[in-house]
Amino acid sequence: MENQTTTLKRGIRRWDLVFLIINSVIGAGIFALPAKVFALSGVYSIAAFLICALVMVVLILVFAEVSSRFDKTGGPYLYVHTAFGPIPAFIIGWLLMLTRLFSYATLINLLILYLTFFSNFFAREEVRIGMILLITGIITYFNWIGVKNTAKVSNVLTVAKLIPLALFIIVGFFFINTDYLEPGPVPSIADFSASTLLLIFAFGGFEAGLVNSGEIVNPKKNLPYGLMMAATIIASFYILIQIVSIGTLPDLANSEKPLADAANQMLGYWGGTFITIGAVISILGTLNVQILSGSRLPFALSGEDQLPALFGKIHPKFATPHISILFFSSLVAFVAIVWGFMNSLAVSVIARLILYALVCASLIKLRKSQTTRDYFRVRYGNALAIIGILATLWLLSGTQAKEIWDTFLWTGIGVLIFIIHKWRGKAKGEG
C-alpha cells in the first residue's frame with residue numbers, strides 16, 4: 001500500500017468531498033424512513049431525528065480526528081489496522097464492504113419502488129432485475145474510467161438531489177397543518193429506540209467518503225472540513241423534511257413513498273412527479289458513491305495481503321482499481337437482486353454500528369500510540385469516543401436476533417475467505 005499515493009490520482013477536492021459525503025448520506029433513506037419512523041414514534045419522531053443527529057455529530061467528530069491521521073486509501077479499515085492489527089482490520093474492512101453491499105441493495109430496490117409512481121410496469125420482477133443490471137452497469141462504467149469523472153457525476157447529482165428537497169421544505173411550510181404536529185401518546189422506549197436505529201441508515205454513510213483518502217487532495221485538512229460541513233447540511237435538511245412530512249400528510253404512517261405522497265397532497269400529481277424524479281436522482285447519486293467507495297475496499301485489503309493480489313491491480317490508462325471495481329459491482333448487483341428493502345437495511349445498519357464502535361475505540365488507542373500532533377485534534381476526544389461506543393451499544397440493543405445472526409453469518413463468510421487466502425499463501429511459501 002505504500003505506493004498508492006503515486007498510483008492513484010488525487011482528483012477529489014475539498015468541495016468534491018463535501019458533495020461526496022452528502023451524496024453518500026442523502027440517498028433513499030430520507031425518501032422512505034419518515035413514514036416508518038412516524039409509525040413507531042408519531043410526532044416524537046422529530047425528537048428521534050434530533051437524537052440521531054446528535055449521535056452522528058459525536059461519531060463524525062471522532063472520525064474527523066482519526067481520518068486526519070491518514071492519507072492512504074482504506075478509510076476505517078486502515079484506522080483499525082493501525083490501531084489493533086490485521087485481524088480486527090479485516091473484519092472491519094469486511095463489515096464496511098457489507099454496509100456498501102446491503103445499502104446498495106436497499107437503495108436500488110427503493111429507487112424501483114419510487115418508479116412505480118409512474119407505472120406498475122416497474123413492479124414486475126423481470127423489470128426490477130433488468131433495471132438493477134442496467135443501472136449498476138452504467139455506474140460501473142463511470143467508476144472504471146476515472147475518479148475525476150466520478151467526482152463530477154457526484155457533484156451534479158448532489159446539487160440535483162438538494163434542489164427538490166429544498167423546494168419540498170420551502171413549499172411545505174406553507175401547507176403545514178399545525179394540528180398534525182400536536183403531541184400524541186408517548187411511544188414506548190422500545191419503539192423510540194427502534195425509530196432511532198432505523199434513522200442510522202438515513203444518517204449513516206458518511207464513512208464512505210473516507211475510504212477514498214488516497215484519491216483526496218490534502219486529506220489531513222479536507223477530511224475534517226468535509227465531514228463537519230456535510231453533517232451540518234444533512235442534519236438541517238432531515239429535521240425540516242420530517243416536520244413538513246408530518247405537518248402535510250395525515251396518513252404518513254401508511255405511506256410507502258412519503259415525500260412523493262406529501263408533495264402530491266400539496267401540489268397534486270405534478271408535485272408528486274417532481275419529488276419522485278428528485279428521489280430517483282438522489283438515489284442514483286448515492287448508488288454512485290456506494291460503488292466508488294465499496295470498490296476500493298477489496299483494493300485496500302489486497303494491499304495488506306488480506307485478499308488476493310489480483311484486487312490490487314490498477315488500470316494503466318484510467319488509474320482506477322478496475323478488477324476491484326468489476327468484482328464489487330458484480331457482487332452488489334447479485335445482492336440487490338436477491339435481497340429486498342427491509343432485510344438489506346437491517347444488515348447494513350448493524351454492520352455500520354459495529355464499524356462505528358471500533359473506530360471510536362481506535363481513537364483512544366491511536367492517541368496513546370501516535371503522540372505527534374500533525375493532525376486535526378478534537379477537544380475531549382476520548383470522552384466523545386466513549387460516548388460514541390455507548391450510543392452504538394444502545395442502538396444495537398434495539399435489533400432483532402435474526403438480523404444480528406444474518407450479520408454474523410456474512411461476517412463469518414468473510415473470515416473464512418481470509419483464512420483460505422492466508423492458508424494458500426502459506427502453502428505456496430512452503431512449496
# chains A, B, ... in the order shown; residues from 1 in each chain; ligands from 1
call {"tool": "residues_around", "arguments": {"residues": "A:Gly414", "least_positions_apart": "4", "cutoff": "7 Å", "atoms": "only C-alpha atoms", "output": "ChimeraX atom specification"}}
result
/A:94,410,418
call {"tool": "residues_around", "arguments": {"residues": "A:Phe274", "least_positions_apart": "3", "cutoff": "12 Å", "atoms": "only C-alpha atoms", "output": "list in words"}}
result
Tyr114, Phe117, Phe118, Ala160, Lys161, Ile163, Pro164, Leu165, Leu167, Phe168, Leu259, Ala260, Asp261, Ala262, Ala263, Asn264, Met266, Leu267, Gly268, Tyr269, Trp270, Gly271, Ile277, Gly278, Ala279, Val280 and Ile281 of chain A
call {"tool": "write_last_selection", "arguments": {"atoms": "C-alpha atoms", "output": "mmCIF file, in the first residue's frame"}}
result
data_model
loop_
_atom_site.group_PDB
_atom_site.id
_atom_site.type_symbol
_atom_site.label_atom_id
_atom_site.label_comp_id
_atom_site.auth_asym_id
_atom_site.auth_seq_id
_atom_site.Cartn_x
_atom_site.Cartn_y
_atom_site.Cartn_z
ATOM 1 C CA TYR A 114 -40.416 5.008 -6.457
ATOM 2 C CA PHE A 117 -45.353 6.133 -9.034
ATOM 3 C CA PHE A 118 -45.292 6.473 -12.835
ATOM 4 C CA ALA A 160 -29.800 17.861 -8.408
ATOM 5 C CA LYS A 161 -30.975 16.000 -5.275
ATOM 6 C CA ILE A 163 -32.911 21.289 -5.122
ATOM 7 C CA PRO A 164 -36.159 19.236 -4.940
ATOM 8 C CA LEU A 165 -35.632 18.578 -1.215
ATOM 9 C CA LEU A 167 -38.268 23.145 -2.558
ATOM 10 C CA PHE A 168 -40.201 20.429 -0.694
ATOM 11 C CA LEU A 259 -42.301 12.606 0.288
ATOM 12 C CA ALA A 260 -43.958 11.924 -3.067
ATOM 13 C CA ASP A 261 -47.331 11.412 -1.360
ATOM 14 C CA ALA A 262 -46.911 14.607 0.700
ATOM 15 C CA ALA A 263 -45.990 16.596 -2.425
ATOM 16 C CA ASN A 264 -48.953 15.044 -4.216
ATOM 17 C CA MET A 266 -49.817 19.720 -1.509
ATOM 18 C CA LEU A 267 -49.496 20.304 -5.255
ATOM 19 C CA GLY A 268 -51.300 17.440 -6.943
ATOM 20 C CA TYR A 269 -49.868 14.971 -9.458
ATOM 21 C CA TRP A 270 -47.097 17.292 -10.693
ATOM 22 C CA GLY A 271 -45.869 17.857 -7.146
ATOM 23 C CA ILE A 277 -37.849 12.478 -10.042
ATOM 24 C CA GLY A 278 -35.849 14.073 -7.212
ATOM 25 C CA ALA A 279 -35.879 10.778 -5.312
ATOM 26 C CA VAL A 280 -34.638 8.847 -8.341
ATOM 27 C CA ILE A 281 -31.794 11.347 -8.916
#
call {"tool": "atom_distance", "arguments": {"atom1": "atom CA of A:Glu125", "atom2": "atom CA of A:Ile112"}}
result
10.5 Å
call {"tool": "select_by_dssp", "arguments": {"residues": "stretch 316-368 of chain A", "states": "helix (DSSP H, G or I)", "output": "ChimeraX atom specification"}}
result
/A:322-338,341-368
call {"tool": "closest_residue", "arguments": {"among": "A:Leu98, A:Lys36, A:Phe203, A:Phe84", "to": "A:Thr232", "atoms": "only C-alpha atoms"}}
result
A:Phe203
call {"tool": "closest_residue", "arguments": {"among": "A:Ile283, A:Ile404, A:Ile132, A:Leu181", "to": "A:Leu111", "atoms": "only C-alpha atoms"}}
result
A:Ile283
call {"tool": "closest_residue", "arguments": {"among": "A:Thr136, A:Ser45, A:Asn222, A:Thr407", "to": "A:Asp191", "atoms": "only C-alpha atoms"}}
result
A:Ser45
call {"tool": "closest_atom_pairs", "arguments": {"of": "stretch 236-337 of chain A", "to": "stretch 21-34 of chain A", "cutoff": "12 Å", "atoms": "only C-alpha atoms", "output": "CSV"}}
result
residue,atom,partner,partner_atom,distance
A:Ser236,CA,A:Ile26,CA,11.7
A:Phe237,CA,A:Ile26,CA,9.3
A:Tyr238,CA,A:Ile30,CA,7.0
A:Ile239,CA,A:Pro34,CA,9.9
A:Leu240,CA,A:Pro34,CA,11.1
A:Ile241,CA,A:Ile30,CA,8.1
A:Gln242,CA,A:Pro34,CA,6.0
A:Ile243,CA,A:Pro34,CA,9.4
A:Val244,CA,A:Pro34,CA,10.1
A:Ser245,CA,A:Pro34,CA,7.2
A:Ile246,CA,A:Pro34,CA,8.3
A:Gly247,CA,A:Pro34,CA,11.8
A:Leu249,CA,A:Pro34,CA,10.8
A:Asp251,CA,A:Pro34,CA,11.7
A:Leu252,CA,A:Pro34,CA,7.9
A:Ala253,CA,A:Pro34,CA,8.3
A:Asn254,CA,A:Pro34,CA,10.6
A:Ser255,CA,A:Ala32,CA,8.4
A:Glu256,CA,A:Ala32,CA,6.5
A:Lys257,CA,A:Ala32,CA,5.8
A:Pro258,CA,A:Ala32,CA,6.2
A:Leu259,CA,A:Phe31,CA,5.9
A:Ala260,CA,A:Phe31,CA,8.1
A:Asp261,CA,A:Phe31,CA,10.3
A:Ala262,CA,A:Phe31,CA,10.8
A:Ala263,CA,A:Phe31,CA,11.7
A:Ile275,CA,A:Phe31,CA,9.2
A:Thr276,CA,A:Phe31,CA,9.1
A:Ile277,CA,A:Phe31,CA,11.4
A:Gly278,CA,A:Phe31,CA,9.6
A:Ala279,CA,A:Phe31,CA,6.6
A:Val280,CA,A:Ala28,CA,8.5
A:Ile281,CA,A:Gly27,CA,8.9
A:Ser282,CA,A:Gly27,CA,5.3
A:Ile283,CA,A:Gly27,CA,4.7
A:Leu284,CA,A:Gly27,CA,7.9
A:Gly285,CA,A:Asn23,CA,5.8
A:Thr286,CA,A:Ser24,CA,4.8
A:Leu287,CA,A:Ser24,CA,7.8
A:Asn288,CA,A:Ser24,CA,8.3
A:Val289,CA,A:Ser24,CA,5.6
A:Gln290,CA,A:Ser24,CA,6.9
A:Ile291,CA,A:Ser24,CA,10.3
A:Leu292,CA,A:Ser24,CA,10.0
A:Ser293,CA,A:Ser24,CA,9.4
A:Gly294,CA,A:Ser24,CA,11.3
call {"tool": "closest_residue", "arguments": {"among": "A:Ile60, A:Tyr44, A:Ala309, A:Glu126", "to": "A:Gly226", "atoms": "only C-alpha atoms"}}
result
A:Ile60
call {"tool": "residues_around", "arguments": {"residues": "A:Leu393", "least_positions_apart": "5", "cutoff": "12 Å", "atoms": "only C-alpha atoms", "output": "number ranges by chain"}}
result
A: 55, 193, 197, 350, 352-358, 386-388, 398-399
call {"tool": "write_last_selection", "arguments": {"atoms": "all heavy atoms", "output": "CSV table (one decimal), in the first residue's frame"}}
result
chain,number,residue,atom,x,y,z
A,55,VAL,N,-26.1,11.9,17.9
A,55,VAL,CA,-25.2,10.8,17.9
A,55,VAL,C,-24.2,10.8,16.8
A,55,VAL,O,-23.0,10.6,16.9
A,55,VAL,CB,-26.0,9.5,17.9
A,55,VAL,CG1,-25.1,8.2,17.7
A,55,VAL,CG2,-26.8,9.3,19.2
A,193,SER,N,-36.5,3.6,20.5
A,193,SER,CA,-35.1,3.1,20.2
A,193,SER,C,-35.1,2.5,18.8
A,193,SER,O,-34.1,2.7,18.0
A,193,SER,CB,-34.7,2.0,21.2
A,193,SER,OG,-34.6,2.6,22.5
A,197,LEU,N,-32.8,3.7,15.7
A,197,LEU,CA,-32.0,2.7,14.9
A,197,LEU,C,-32.2,2.7,13.4
A,197,LEU,O,-31.3,2.7,12.7
A,197,LEU,CB,-32.3,1.3,15.5
A,197,LEU,CG,-31.5,0.1,14.8
A,197,LEU,CD1,-30.1,0.2,15.2
A,197,LEU,CD2,-32.1,-1.2,15.2
A,350,ILE,N,-26.7,-2.7,11.2
A,350,ILE,CA,-25.9,-3.5,12.3
A,350,ILE,C,-24.4,-3.4,12.0
A,350,ILE,O,-23.6,-3.1,12.8
A,350,ILE,CB,-26.4,-4.9,12.4
A,350,ILE,CG1,-27.9,-4.9,13.0
A,350,ILE,CG2,-25.5,-5.7,13.4
A,350,ILE,CD1,-28.6,-6.2,12.9
A,352,ARG,N,-22.9,-1.3,10.2
A,352,ARG,CA,-22.4,0.1,10.3
A,352,ARG,C,-22.1,0.5,11.8
A,352,ARG,O,-21.2,1.1,12.1
A,352,ARG,CB,-23.4,1.0,9.7
A,352,ARG,CG,-23.0,2.4,9.6
A,352,ARG,CD,-24.0,3.2,8.7
A,352,ARG,NE,-23.7,3.0,7.3
A,352,ARG,CZ,-24.6,3.1,6.3
A,352,ARG,NH1,-25.8,3.5,6.6
A,352,ARG,NH2,-24.2,2.9,5.1
A,353,LEU,N,-23.0,0.0,12.7
A,353,LEU,CA,-22.9,0.4,14.1
A,353,LEU,C,-21.6,-0.3,14.7
A,353,LEU,O,-20.9,0.3,15.5
A,353,LEU,CB,-24.1,-0.1,14.9
A,353,LEU,CG,-25.4,0.8,14.7
A,353,LEU,CD1,-26.6,0.2,15.3
A,353,LEU,CD2,-25.1,2.2,15.3
A,354,ILE,N,-21.4,-1.6,14.3
A,354,ILE,CA,-20.2,-2.3,14.8
A,354,ILE,C,-18.9,-1.5,14.3
A,354,ILE,O,-18.0,-1.3,15.1
A,354,ILE,CB,-20.2,-3.7,14.3
A,354,ILE,CG1,-21.3,-4.5,14.9
A,354,ILE,CG2,-18.8,-4.4,14.7
A,354,ILE,CD1,-21.6,-5.9,14.3
A,355,LEU,N,-19.0,-1.1,13.1
A,355,LEU,CA,-17.9,-0.3,12.5
A,355,LEU,C,-17.6,1.0,13.2
A,355,LEU,O,-16.5,1.3,13.6
A,355,LEU,CB,-18.2,0.0,11.0
A,355,LEU,CG,-17.2,0.7,10.1
A,355,LEU,CD1,-17.5,0.3,8.7
A,355,LEU,CD2,-17.3,2.2,10.2
A,356,TYR,N,-18.7,1.7,13.6
A,356,TYR,CA,-18.6,3.0,14.3
A,356,TYR,C,-17.9,2.8,15.7
A,356,TYR,O,-17.1,3.5,16.1
A,356,TYR,CB,-19.9,3.6,14.4
A,356,TYR,CG,-20.6,4.2,13.2
A,356,TYR,CD1,-21.9,4.4,13.1
A,356,TYR,CD2,-19.8,4.4,12.0
A,356,TYR,CE1,-22.5,4.9,11.9
A,356,TYR,CE2,-20.4,4.8,10.8
A,356,TYR,CZ,-21.7,5.1,10.8
A,356,TYR,OH,-22.3,5.6,9.6
A,357,ALA,N,-18.4,1.7,16.3
A,357,ALA,CA,-17.8,1.5,17.7
A,357,ALA,C,-16.3,1.2,17.6
A,357,ALA,O,-15.6,1.7,18.5
A,357,ALA,CB,-18.6,0.3,18.3
A,358,LEU,N,-15.9,0.4,16.6
A,358,LEU,CA,-14.5,0.1,16.5
A,358,LEU,C,-13.6,1.3,16.1
A,358,LEU,O,-12.5,1.4,16.6
A,358,LEU,CB,-14.3,-1.1,15.5
A,358,LEU,CG,-14.6,-2.5,16.0
A,358,LEU,CD1,-14.6,-3.5,14.9
A,358,LEU,CD2,-13.6,-2.9,17.1
A,386,ILE,N,-15.9,7.4,23.9
A,386,ILE,CA,-16.6,6.6,24.8
A,386,ILE,C,-18.1,6.8,24.7
A,386,ILE,O,-18.9,5.8,24.7
A,386,ILE,CB,-16.2,6.9,26.3
A,386,ILE,CG1,-14.7,6.4,26.5
A,386,ILE,CG2,-17.1,6.2,27.3
A,386,ILE,CD1,-14.1,6.9,27.8
A,387,ILE,N,-18.6,8.0,24.5
A,387,ILE,CA,-20.0,8.3,24.3
A,387,ILE,C,-20.4,7.6,23.0
A,387,ILE,O,-21.5,7.0,22.9
A,387,ILE,CB,-20.2,9.8,24.2
A,387,ILE,CG1,-20.0,10.5,25.6
A,387,ILE,CG2,-21.7,10.1,23.7
A,387,ILE,CD1,-20.0,12.0,25.5
A,388,GLY,N,-19.6,7.7,21.9
A,388,GLY,CA,-19.9,7.0,20.7
A,388,GLY,C,-20.1,5.5,20.8
A,388,GLY,O,-21.0,4.9,20.3
A,398,GLY,N,-31.5,-2.5,20.2
A,398,GLY,CA,-32.9,-2.5,19.6
A,398,GLY,C,-33.0,-3.4,18.4
A,398,GLY,O,-34.0,-3.4,17.8
A,399,THR,N,-31.9,-4.1,18.1
A,399,THR,CA,-32.0,-5.0,16.9
A,399,THR,C,-32.6,-6.4,17.3
A,399,THR,O,-32.7,-6.7,18.4
A,399,THR,CB,-30.6,-5.2,16.3
A,399,THR,OG1,-29.8,-5.8,17.3
A,399,THR,CG2,-30.0,-3.9,15.9
call {"tool": "closest_residue", "arguments": {"among": "A:Ile91, A:Ala64, A:Cys52, A:Leu134", "to": "A:Gly412", "atoms": "only C-alpha atoms"}}
result
A:Ile91
call {"tool": "closest_residue", "arguments": {"among": "A:Phe49, A:Trp15, A:Phe63, A:Phe173", "to": "A:Phe376", "atoms": "only C-alpha atoms"}}
result
A:Phe63
call {"tool": "residues_around", "arguments": {"residues": "stretch 359-369 of chain A", "least_positions_apart": "5", "cutoff": "7 Å", "atoms": "only C-alpha atoms", "output": "list in words"}}
result
Val62, Val66, Pro76, Tyr79, Val80, Ala83, Asn382, Ala385, Gly388 and Ile389 of chain A
call {"tool": "write_last_selection", "arguments": {"atoms": "C-alpha atoms", "output": "compact mmCIF listing (two decimals), in the first residue's frame"}}
result
# COMPACT_ATOMS: atom_id res chain seq x y z
CA VAL A 62 -14.34 11.14 16.22
CA VAL A 66 -8.96 9.69 13.22
CA PRO A 76 -11.98 2.83 8.67
CA TYR A 79 -7.64 3.11 11.03
CA VAL A 80 -8.42 -0.17 12.77
CA ALA A 83 -4.74 0.64 15.98
CA ASN A 382 -11.54 10.28 24.41
CA ALA A 385 -15.20 8.19 21.67
CA GLY A 388 -19.93 7.02 20.68
CA ILE A 389 -19.30 3.44 21.82
call {"tool": "atom_distance", "arguments": {"atom1": "atom CA of A:Ala89", "atom2": "atom CA of A:Ser295"}}
result
16.9 Å
call {"tool": "residues_around", "arguments": {"residues": "A:Trp144", "least_positions_apart": "6", "cutoff": "7 Å", "atoms": "only C-alpha atoms", "output": "list in words"}}
result
Thr320, His322 and Ile325 of chain A
call {"tool": "decode", "arguments": {"residues": "stretch 377-415 of chain A", "atoms": "N, CA and C atoms", "output": "compact mmCIF listing (two decimals), in the first residue's frame"}}
result
# COMPACT_ATOMS: atom_id res chain seq x y z
N ARG A 377 -7.09 17.63 15.89
CA ARG A 377 -7.33 17.05 17.23
C ARG A 377 -8.61 17.65 17.81
N VAL A 378 -9.60 16.81 18.02
CA VAL A 378 -10.88 17.28 18.56
C VAL A 378 -10.79 17.36 20.09
N ARG A 379 -11.42 18.38 20.67
CA ARG A 379 -11.41 18.53 22.13
C ARG A 379 -12.26 17.42 22.75
N TYR A 380 -11.80 16.94 23.90
CA TYR A 380 -12.49 15.87 24.64
C TYR A 380 -12.67 14.62 23.78
N GLY A 381 -11.67 14.34 22.95
CA GLY A 381 -11.77 13.23 22.00
C GLY A 381 -12.04 11.88 22.65
N ASN A 382 -11.33 11.57 23.75
CA ASN A 382 -11.54 10.28 24.41
C ASN A 382 -12.95 10.16 24.97
N ALA A 383 -13.45 11.26 25.55
CA ALA A 383 -14.82 11.24 26.10
C ALA A 383 -15.84 11.05 24.97
N LEU A 384 -15.63 11.75 23.85
CA LEU A 384 -16.54 11.60 22.71
C LEU A 384 -16.50 10.17 22.17
N ALA A 385 -15.32 9.57 22.15
CA ALA A 385 -15.20 8.19 21.67
C ALA A 385 -15.97 7.23 22.57
N ILE A 386 -15.88 7.43 23.89
CA ILE A 386 -16.62 6.57 24.84
C ILE A 386 -18.12 6.77 24.67
N ILE A 387 -18.56 8.02 24.51
CA ILE A 387 -19.99 8.30 24.27
C ILE A 387 -20.44 7.61 22.98
N GLY A 388 -19.61 7.67 21.94
CA GLY A 388 -19.93 7.02 20.68
C GLY A 388 -20.09 5.52 20.82
N ILE A 389 -19.20 4.89 21.59
CA ILE A 389 -19.30 3.44 21.82
C ILE A 389 -20.58 3.09 22.57
N LEU A 390 -20.89 3.85 23.62
CA LEU A 390 -22.10 3.60 24.41
C LEU A 390 -23.35 3.82 23.57
N ALA A 391 -23.34 4.84 22.71
CA ALA A 391 -24.50 5.12 21.85
C ALA A 391 -24.73 3.98 20.87
N THR A 392 -23.65 3.45 20.29
CA THR A 392 -23.82 2.34 19.33
C THR A 392 -24.32 1.08 20.04
N LEU A 393 -23.86 0.84 21.27
CA LEU A 393 -24.34 -0.32 22.03
C LEU A 393 -25.83 -0.17 22.34
N TRP A 394 -26.26 1.05 22.69
CA TRP A 394 -27.68 1.30 22.95
C TRP A 394 -28.52 1.02 21.70
N LEU A 395 -28.04 1.50 20.55
CA LEU A 395 -28.78 1.29 19.32
C LEU A 395 -28.80 -0.18 18.91
N LEU A 396 -27.69 -0.88 19.13
CA LEU A 396 -27.65 -2.31 18.81
C LEU A 396 -28.62 -3.12 19.68
N SER A 397 -28.90 -2.61 20.89
CA SER A 397 -29.83 -3.32 21.78
C SER A 397 -31.25 -3.36 21.22
N GLY A 398 -31.52 -2.49 20.25
CA GLY A 398 -32.85 -2.47 19.65
C GLY A 398 -32.99 -3.38 18.43
N THR A 399 -31.94 -4.13 18.10
CA THR A 399 -32.00 -5.01 16.92
C THR A 399 -32.60 -6.36 17.28
N GLN A 400 -33.00 -7.11 16.26
CA GLN A 400 -33.60 -8.42 16.46
C GLN A 400 -32.56 -9.52 16.27
N ALA A 401 -32.79 -10.64 16.92
CA ALA A 401 -31.82 -11.74 16.91
C ALA A 401 -31.52 -12.22 15.48
N LYS A 402 -32.56 -12.32 14.65
CA LYS A 402 -32.36 -12.80 13.27
C LYS A 402 -31.47 -11.85 12.48
N GLU A 403 -31.65 -10.55 12.70
CA GLU A 403 -30.85 -9.55 11.98
C GLU A 403 -29.38 -9.65 12.40
N ILE A 404 -29.15 -9.84 13.70
CA ILE A 404 -27.78 -9.99 14.19
C ILE A 404 -27.16 -11.28 13.63
N TRP A 405 -27.96 -12.35 13.61
CA TRP A 405 -27.48 -13.63 13.07
C TRP A 405 -27.08 -13.49 11.61
N ASP A 406 -27.91 -12.80 10.80
CA ASP A 406 -27.58 -12.59 9.39
C ASP A 406 -26.26 -11.85 9.23
N THR A 407 -26.06 -10.83 10.08
CA THR A 407 -24.83 -10.05 10.01
C THR A 407 -23.62 -10.90 10.37
N PHE A 408 -23.74 -11.71 11.44
CA PHE A 408 -22.64 -12.59 11.84
C PHE A 408 -22.37 -13.65 10.78
N LEU A 409 -23.41 -14.12 10.12
CA LEU A 409 -23.25 -15.12 9.07
C LEU A 409 -22.41 -14.55 7.92
N TRP A 410 -22.74 -13.33 7.49
CA TRP A 410 -21.98 -12.69 6.42
C TRP A 410 -20.55 -12.38 6.86
N THR A 411 -20.39 -11.99 8.13
CA THR A 411 -19.04 -11.73 8.64
C THR A 411 -18.23 -13.02 8.66
N GLY A 412 -18.88 -14.13 9.03
CA GLY A 412 -18.22 -15.44 9.04
C GLY A 412 -17.73 -15.84 7.66
N ILE A 413 -18.51 -15.52 6.62
CA ILE A 413 -18.09 -15.81 5.25
C ILE A 413 -16.79 -15.06 4.94
N GLY A 414 -16.73 -13.79 5.38
CA GLY A 414 -15.52 -13.00 5.16
C GLY A 414 -14.31 -13.58 5.87
N VAL A 415 -14.49 -13.99 7.13
CA VAL A 415 -13.39 -14.58 7.90
C VAL A 415 -12.92 -15.87 7.24
